[in-house]
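S.K.: Below is the file target_25.cif, which contains mmCIF, C-alpha atoms and all ligand atoms.
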```cif
data_input
loop_
_atom_site.label_atom_id
_atom_site.label_comp_id
_atom_site.auth_asym_id
_atom_site.auth_seq_id
_atom_site.Cartn_x
_atom_site.Cartn_y
_atom_site.Cartn_z
CA MET C 10 73.92 5.94 32.17
CA ALA C 11 70.87 7.64 33.64
CA LYS C 12 70.00 9.22 30.42
CA ARG C 13 66.38 8.26 30.35
CA ALA C 14 65.73 8.62 34.05
CA THR C 15 64.02 12.00 33.71
CA ASN C 16 61.75 10.72 31.06
CA LYS C 17 58.62 10.74 33.15
CA LYS C 18 55.76 8.67 32.24
CA LYS C 19 53.51 11.05 30.44
CA THR C 20 51.07 8.59 29.28
CA GLN C 21 48.80 8.28 32.23
CA THR C 22 46.87 5.33 31.03
CA LYS C 23 44.37 6.89 28.74
CA LYS C 24 40.85 5.85 29.38
CA SER C 25 39.78 3.79 26.53
CA PRO C 26 36.40 4.95 25.30
CA VAL C 27 33.84 2.50 26.56
CA LYS C 28 31.11 3.14 24.12
CA SER C 29 29.35 -0.13 24.29
CA ALA C 30 28.87 0.08 28.02
CA ALA C 31 27.36 3.55 27.79
CA LYS C 32 24.33 2.21 26.01
CA THR C 33 22.13 1.49 28.92
CA LYS C 34 19.01 -0.23 27.85
CA LYS C 35 15.90 1.30 29.31
CA LYS C 36 13.01 -1.00 28.82
CA THR C 37 11.03 0.44 31.67
CA ALA C 38 10.57 3.74 29.87
CA VAL C 39 7.75 2.32 27.80
CA SER C 40 4.33 3.46 28.87
CA ARG C 41 2.87 1.42 31.66
CA LYS C 42 -0.56 1.41 30.16
CA SER C 43 0.27 -1.15 27.53
CA SER C 44 1.80 -3.47 30.08
CA ARG C 45 -1.29 -3.49 32.22
CA LYS C 46 -3.28 -6.62 31.88
CA GLY C 47 -6.49 -5.64 30.21
CA TYR C 48 -9.23 -7.55 28.52
CA SER C 49 -8.30 -10.09 25.91
CA LYS C 50 -8.72 -9.38 22.24
CA LYS C 51 -11.77 -11.59 22.21
CA ASP C 52 -13.36 -9.61 25.02
CA LEU C 53 -12.47 -6.33 23.37
CA ASP C 54 -14.12 -7.49 20.16
CA HIS C 55 -17.16 -8.36 22.20
CA PHE C 56 -17.28 -4.90 23.74
CA ARG C 57 -16.66 -3.29 20.37
CA ASN C 58 -19.67 -5.09 18.96
CA ILE C 59 -21.85 -3.84 21.80
CA ILE C 60 -20.63 -0.30 21.24
CA LEU C 61 -21.09 -0.46 17.48
CA GLU C 62 -24.61 -1.79 17.99
CA GLN C 63 -25.43 1.07 20.33
CA LYS C 64 -23.87 3.51 17.93
CA LYS C 65 -26.12 2.28 15.16
CA GLU C 66 -29.18 2.76 17.32
CA ILE C 67 -28.11 6.24 18.32
CA MET C 68 -27.48 7.21 14.72
CA GLU C 69 -30.99 6.11 13.83
CA GLU C 70 -32.40 8.03 16.76
CA ILE C 71 -30.58 11.14 15.70
CA ALA C 72 -31.84 10.76 12.15
CA THR C 73 -35.39 10.45 13.44
CA LEU C 74 -34.91 13.40 15.72
CA ARG C 75 -33.61 15.51 12.92
CA GLU C 76 -36.55 14.63 10.73
CA SER C 77 -38.97 15.48 13.50
CA ILE C 78 -37.63 18.99 13.84
CA MET C 79 -36.92 19.64 10.21
CA ASP C 80 -39.16 19.64 7.22
CA THR C 81 -37.08 17.60 4.85
CA SER C 82 -38.79 19.02 1.77
CA THR C 83 -38.00 22.62 2.57
CA GLY C 84 -35.01 22.07 4.79
CA GLU C 85 -36.50 24.28 7.46
CA TYR C 86 -36.95 23.53 11.08
CA THR C 87 -40.62 23.15 11.76
CA GLY C 88 -40.78 21.59 15.17
CA GLU C 89 -43.15 22.82 17.83
CA ASN C 90 -40.15 23.87 19.79
CA SER C 91 -39.85 27.50 18.78
CA SER C 92 -36.13 27.61 19.38
CA TYR C 93 -35.59 25.41 16.39
CA SER C 94 -37.91 27.17 13.99
CA ILE C 95 -35.29 29.57 12.84
CA HIS C 96 -35.70 31.44 9.66
CA MET C 97 -32.81 30.47 7.51
CA ALA C 98 -31.50 33.32 5.43
CA ASP C 99 -28.80 31.24 3.90
CA GLN C 100 -29.47 27.63 3.16
CA GLY C 101 -26.14 25.98 3.11
CA GLY C 102 -23.22 25.91 5.43
CA GLU C 103 -25.16 27.64 8.13
CA GLN C 104 -27.88 25.06 8.10
CA MET C 105 -25.37 22.28 8.20
CA GLU C 106 -23.71 23.93 11.13
CA ARG C 107 -26.97 24.19 13.02
CA GLU C 108 -27.68 20.56 12.41
CA ILE C 109 -24.34 19.52 13.76
CA THR C 110 -24.70 21.85 16.71
CA PHE C 111 -28.07 20.42 17.46
CA MET C 112 -26.86 16.91 17.10
CA PHE C 113 -24.05 17.30 19.57
CA ALA C 114 -26.07 19.40 21.95
CA SER C 115 -28.63 16.65 22.19
CA ARG C 116 -28.45 13.85 24.67
CA GLU C 117 -28.02 11.38 21.84
CA GLY C 118 -25.22 13.36 20.35
CA LYS C 119 -23.36 13.39 23.62
CA TYR C 120 -23.79 9.69 24.03
CA LEU C 121 -22.55 9.17 20.52
CA ARG C 122 -19.37 10.95 21.42
CA TYR C 123 -18.93 8.76 24.47
CA LEU C 124 -19.29 5.73 22.25
CA GLU C 125 -16.68 7.11 19.87
CA ASP C 126 -14.35 7.66 22.80
CA ALA C 127 -14.88 4.12 23.98
CA LEU C 128 -14.04 2.78 20.52
CA GLN C 129 -10.91 4.86 20.56
CA ARG C 130 -9.93 3.40 23.91
CA ILE C 131 -10.32 -0.09 22.53
CA GLU C 132 -7.98 0.83 19.68
CA ASN C 133 -5.46 2.20 22.16
CA ASN C 134 -5.68 -0.82 24.42
CA GLU C 135 -6.88 1.42 27.20
CA TYR C 136 -10.37 0.11 27.35
CA GLY C 137 -11.88 -1.26 30.52
CA PHE C 138 -9.67 0.39 33.09
CA CYS C 139 -11.07 2.58 35.81
CA ARG C 140 -9.71 6.06 35.29
CA ASP C 141 -9.67 6.67 39.03
CA CYS C 142 -8.16 3.57 40.57
CA GLY C 143 -6.82 1.82 37.48
CA THR C 144 -8.38 -1.54 38.10
CA LEU C 145 -10.17 -3.43 35.42
CA ILE C 146 -13.86 -2.61 35.34
CA GLU C 147 -16.19 -5.55 35.81
CA LYS C 148 -17.22 -7.22 32.58
CA GLU C 149 -20.90 -7.20 33.52
CA ARG C 150 -20.72 -3.49 34.11
CA LEU C 151 -19.08 -2.82 30.75
CA GLU C 152 -21.67 -4.93 28.99
CA ALA C 153 -24.41 -2.88 30.58
CA VAL C 154 -22.58 0.44 30.26
CA PRO C 155 -19.94 0.08 27.57
CA ILE C 156 -18.93 3.71 27.89
CA ALA C 157 -18.10 3.34 31.58
CA GLN C 158 -14.74 4.73 32.59
CA GLN C 159 -15.00 4.01 36.27
CA CYS C 160 -15.41 0.85 38.27
CA PHE C 161 -18.54 0.51 40.32
CA ASP C 162 -16.82 1.48 43.56
CA CYS C 163 -15.33 4.67 42.21
CA LYS C 164 -18.55 5.58 40.48
CA THR C 165 -20.57 5.30 43.66
CA LYS C 166 -17.89 7.11 45.62
CA ARG C 167 -17.85 9.98 43.18
CA SER C 168 -21.60 10.41 42.97
CA LYS C 169 -21.78 10.43 46.75
CA SER C 170 -19.12 13.10 47.13
CA LYS C 171 -20.90 15.35 44.67
ZN ZN Z 201 -12.08 2.49 40.32
#
```
Please, can you express the file's structure as structure tokens?

M.R.:
Amino acid sequence: MAKRATNKKKTQTKKSPVKSAAKTKKKTAVSRKSSRKGYSKKDLDHFRNIILEQKKEIMEEIATLRESIMDTSTGEYTGENSSYSIHMADQGGEQMEREITFMFASREGKYLRYLEDALQRIENNEYGFCRDCGTLIEKERLEAVPIAQQCFDCKTKRSKSK
């Protein structure tokens, strides 16, 4: 009669694998930068044009500068500034190197790099934000100083603390 009485329930309700529920969607993981409301594409194009225009001017300035310190016929530096009148033993890579070094050591060269950085920020949709407080930098300020990375408030704060 009680034949099957000892037959304990072994199957303790196996947990059915809940795979679908394990996939928790994490939308918030995406970088916040892109979600910040920046300047519109139209504005960014506007800023890009200003930067490209400045870049053109700088490039011309650098070309003029280079000519003024280098005799283009001989390829030697002839400027009055003695530090640039270097006797070139090897005309070639070394000269090219010096030119590049000079270019980036100059004020114009530095500014050129800032312009390049600004263009890069436009491409990355990071342009126009204050790197200190994160707010959008005033349009008027960016038009005047397209390479600005700080809003006016932070800029004045920083220069005061220095
Ligand atoms: Zn700021």

S.K.: Tell me which of C:Glu152, C:Glu135, C:Glu108, C:Glu70 sits closest to Asn58 in chain C, counting all atoms listed in the file.

M.R.: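 Going through C:Glu152, C:Glu135, C:Glu108, C:Glu70 one by one, the smallest distance to Asn58 in chain C is for C:Glu152.
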
S.K.: Tell me, as a list in words, which residues lie within 10 Å of Gly47 in chain C, counting only C-alpha atoms; anything in the same chain fewer than 6 positions away does not count.

M.R.: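 That gives Leu53, Asn134, Glu135, Tyr136, Gly137, Phe138, Thr144, Leu145 and Ile146 of chain C.
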
S.K.: Quick one: pull the distance between CA of Ala127 in chain C and CA of Asp162 in chain C, Å, one decimal.

M.R.: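 Value for the CA of Ala127 in chain C-CA of Asp162 in chain C distance: 19.9 Å.
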
S.K.: List all protein, DNA and RNA residues that have any atom at most 12 Å from ligand ZN 201 (chain Z), counting all atoms listed in the file, and write the list as a list of chain:residue names.

M.R.: C:Gly137, C:Phe138, C:Cys139, C:Arg140, C:Asp141, C:Cys142, C:Gly143, C:Thr144, C:Leu145, C:Ile146, C:Glu147, C:Ala157, C:Gln158, C:Gln159, C:Cys160, C:Phe161, C:Asp162, C:Cys163, C:Lys164, C:Thr165, C:Lys166, C:Arg167

S.K.: Keeping only C-alpha atoms, take the residues you just selected and write them out as a JSON list (two decimals), in the coordinates of the input.

M.R.:
```json
[["chain", "number", "residue", "atom", "x", "y", "z"],
["C", 137, "GLY", "CA", -11.88, -1.26, 30.52],
["C", 138, "PHE", "CA", -9.67, 0.39, 33.09],
["C", 139, "CYS", "CA", -11.07, 2.58, 35.81],
["C", 140, "ARG", "CA", -9.71, 6.06, 35.29],
["C", 141, "ASP", "CA", -9.67, 6.67, 39.03],
["C", 142, "CYS", "CA", -8.16, 3.57, 40.57],
["C", 143, "GLY", "CA", -6.82, 1.82, 37.48],
["C", 144, "THR", "CA", -8.38, -1.54, 38.10],
["C", 145, "LEU", "CA", -10.17, -3.43, 35.42],
["C", 146, "ILE", "CA", -13.86, -2.61, 35.34],
["C", 147, "GLU", "CA", -16.19, -5.55, 35.81],
["C", 157, "ALA", "CA", -18.10, 3.34, 31.58],
["C", 158, "GLN", "CA", -14.74, 4.73, 32.59],
["C", 159, "GLN", "CA", -15.00, 4.01, 36.27],
["C", 160, "CYS", "CA", -15.41, 0.85, 38.27],
["C", 161, "PHE", "CA", -18.54, 0.51, 40.32],
["C", 162, "ASP", "CA", -16.82, 1.48, 43.56],
["C", 163, "CYS", "CA", -15.33, 4.67, 42.21],
["C", 164, "LYS", "CA", -18.55, 5.58, 40.48],
["C", 165, "THR", "CA", -20.57, 5.30, 43.66],
["C", 166, "LYS", "CA", -17.89, 7.11, 45.62],
["C", 167, "ARG", "CA", -17.85, 9.98, 43.18]]
```

S.K.: Would you compute the box with edges along x, y and z of the file around range 130-135 of chain C, including every atom the file lists for it and 4 Å extra on each side, and give its centre and edge lengths in Å to one decimal, as JSON?

M.R.:
```
{"center_x": -7.9, "center_y": 1.3, "center_z": 23.4, "size_x": 12.9, "size_y": 12.2, "size_z": 15.5}
```

S.K.: Separation of CA of Lys119 in chain C and CA of Tyr48 in chain C, in Å?

M.R.: 25.7 Å

S.K.: Calculate how many Å separate CA of Arg57 in chain C from CA of Glu76 in chain C, rounding to one decimal.

M.R.: 28.5 Å

S.K.: Here is a test: counting only C-alpha atoms, which residue of C:Met68, C:Lys46, C:Ser168, C:Lys51 is nearest to Gly118 in chain C?

M.R.: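 For Gly118 in chain C, the nearest of the candidates is C:Met68.
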
S.K.: Given only C-alpha atoms as the basis, pick out the residue of C:His55, C:Arg107, C:Arg75, C:Arg122 nearest to Glu149 in chain C.

M.R.: C:His55

S.K.: Can you pull out every residue within 12 Å of Leu121 in chain C, counting all atoms listed in the file, but drop anything in the same chain fewer than 5 positions away, and send it as a ChimeraX atom specification?

M.R.: /C:60-71,112-116,126-128,155-156
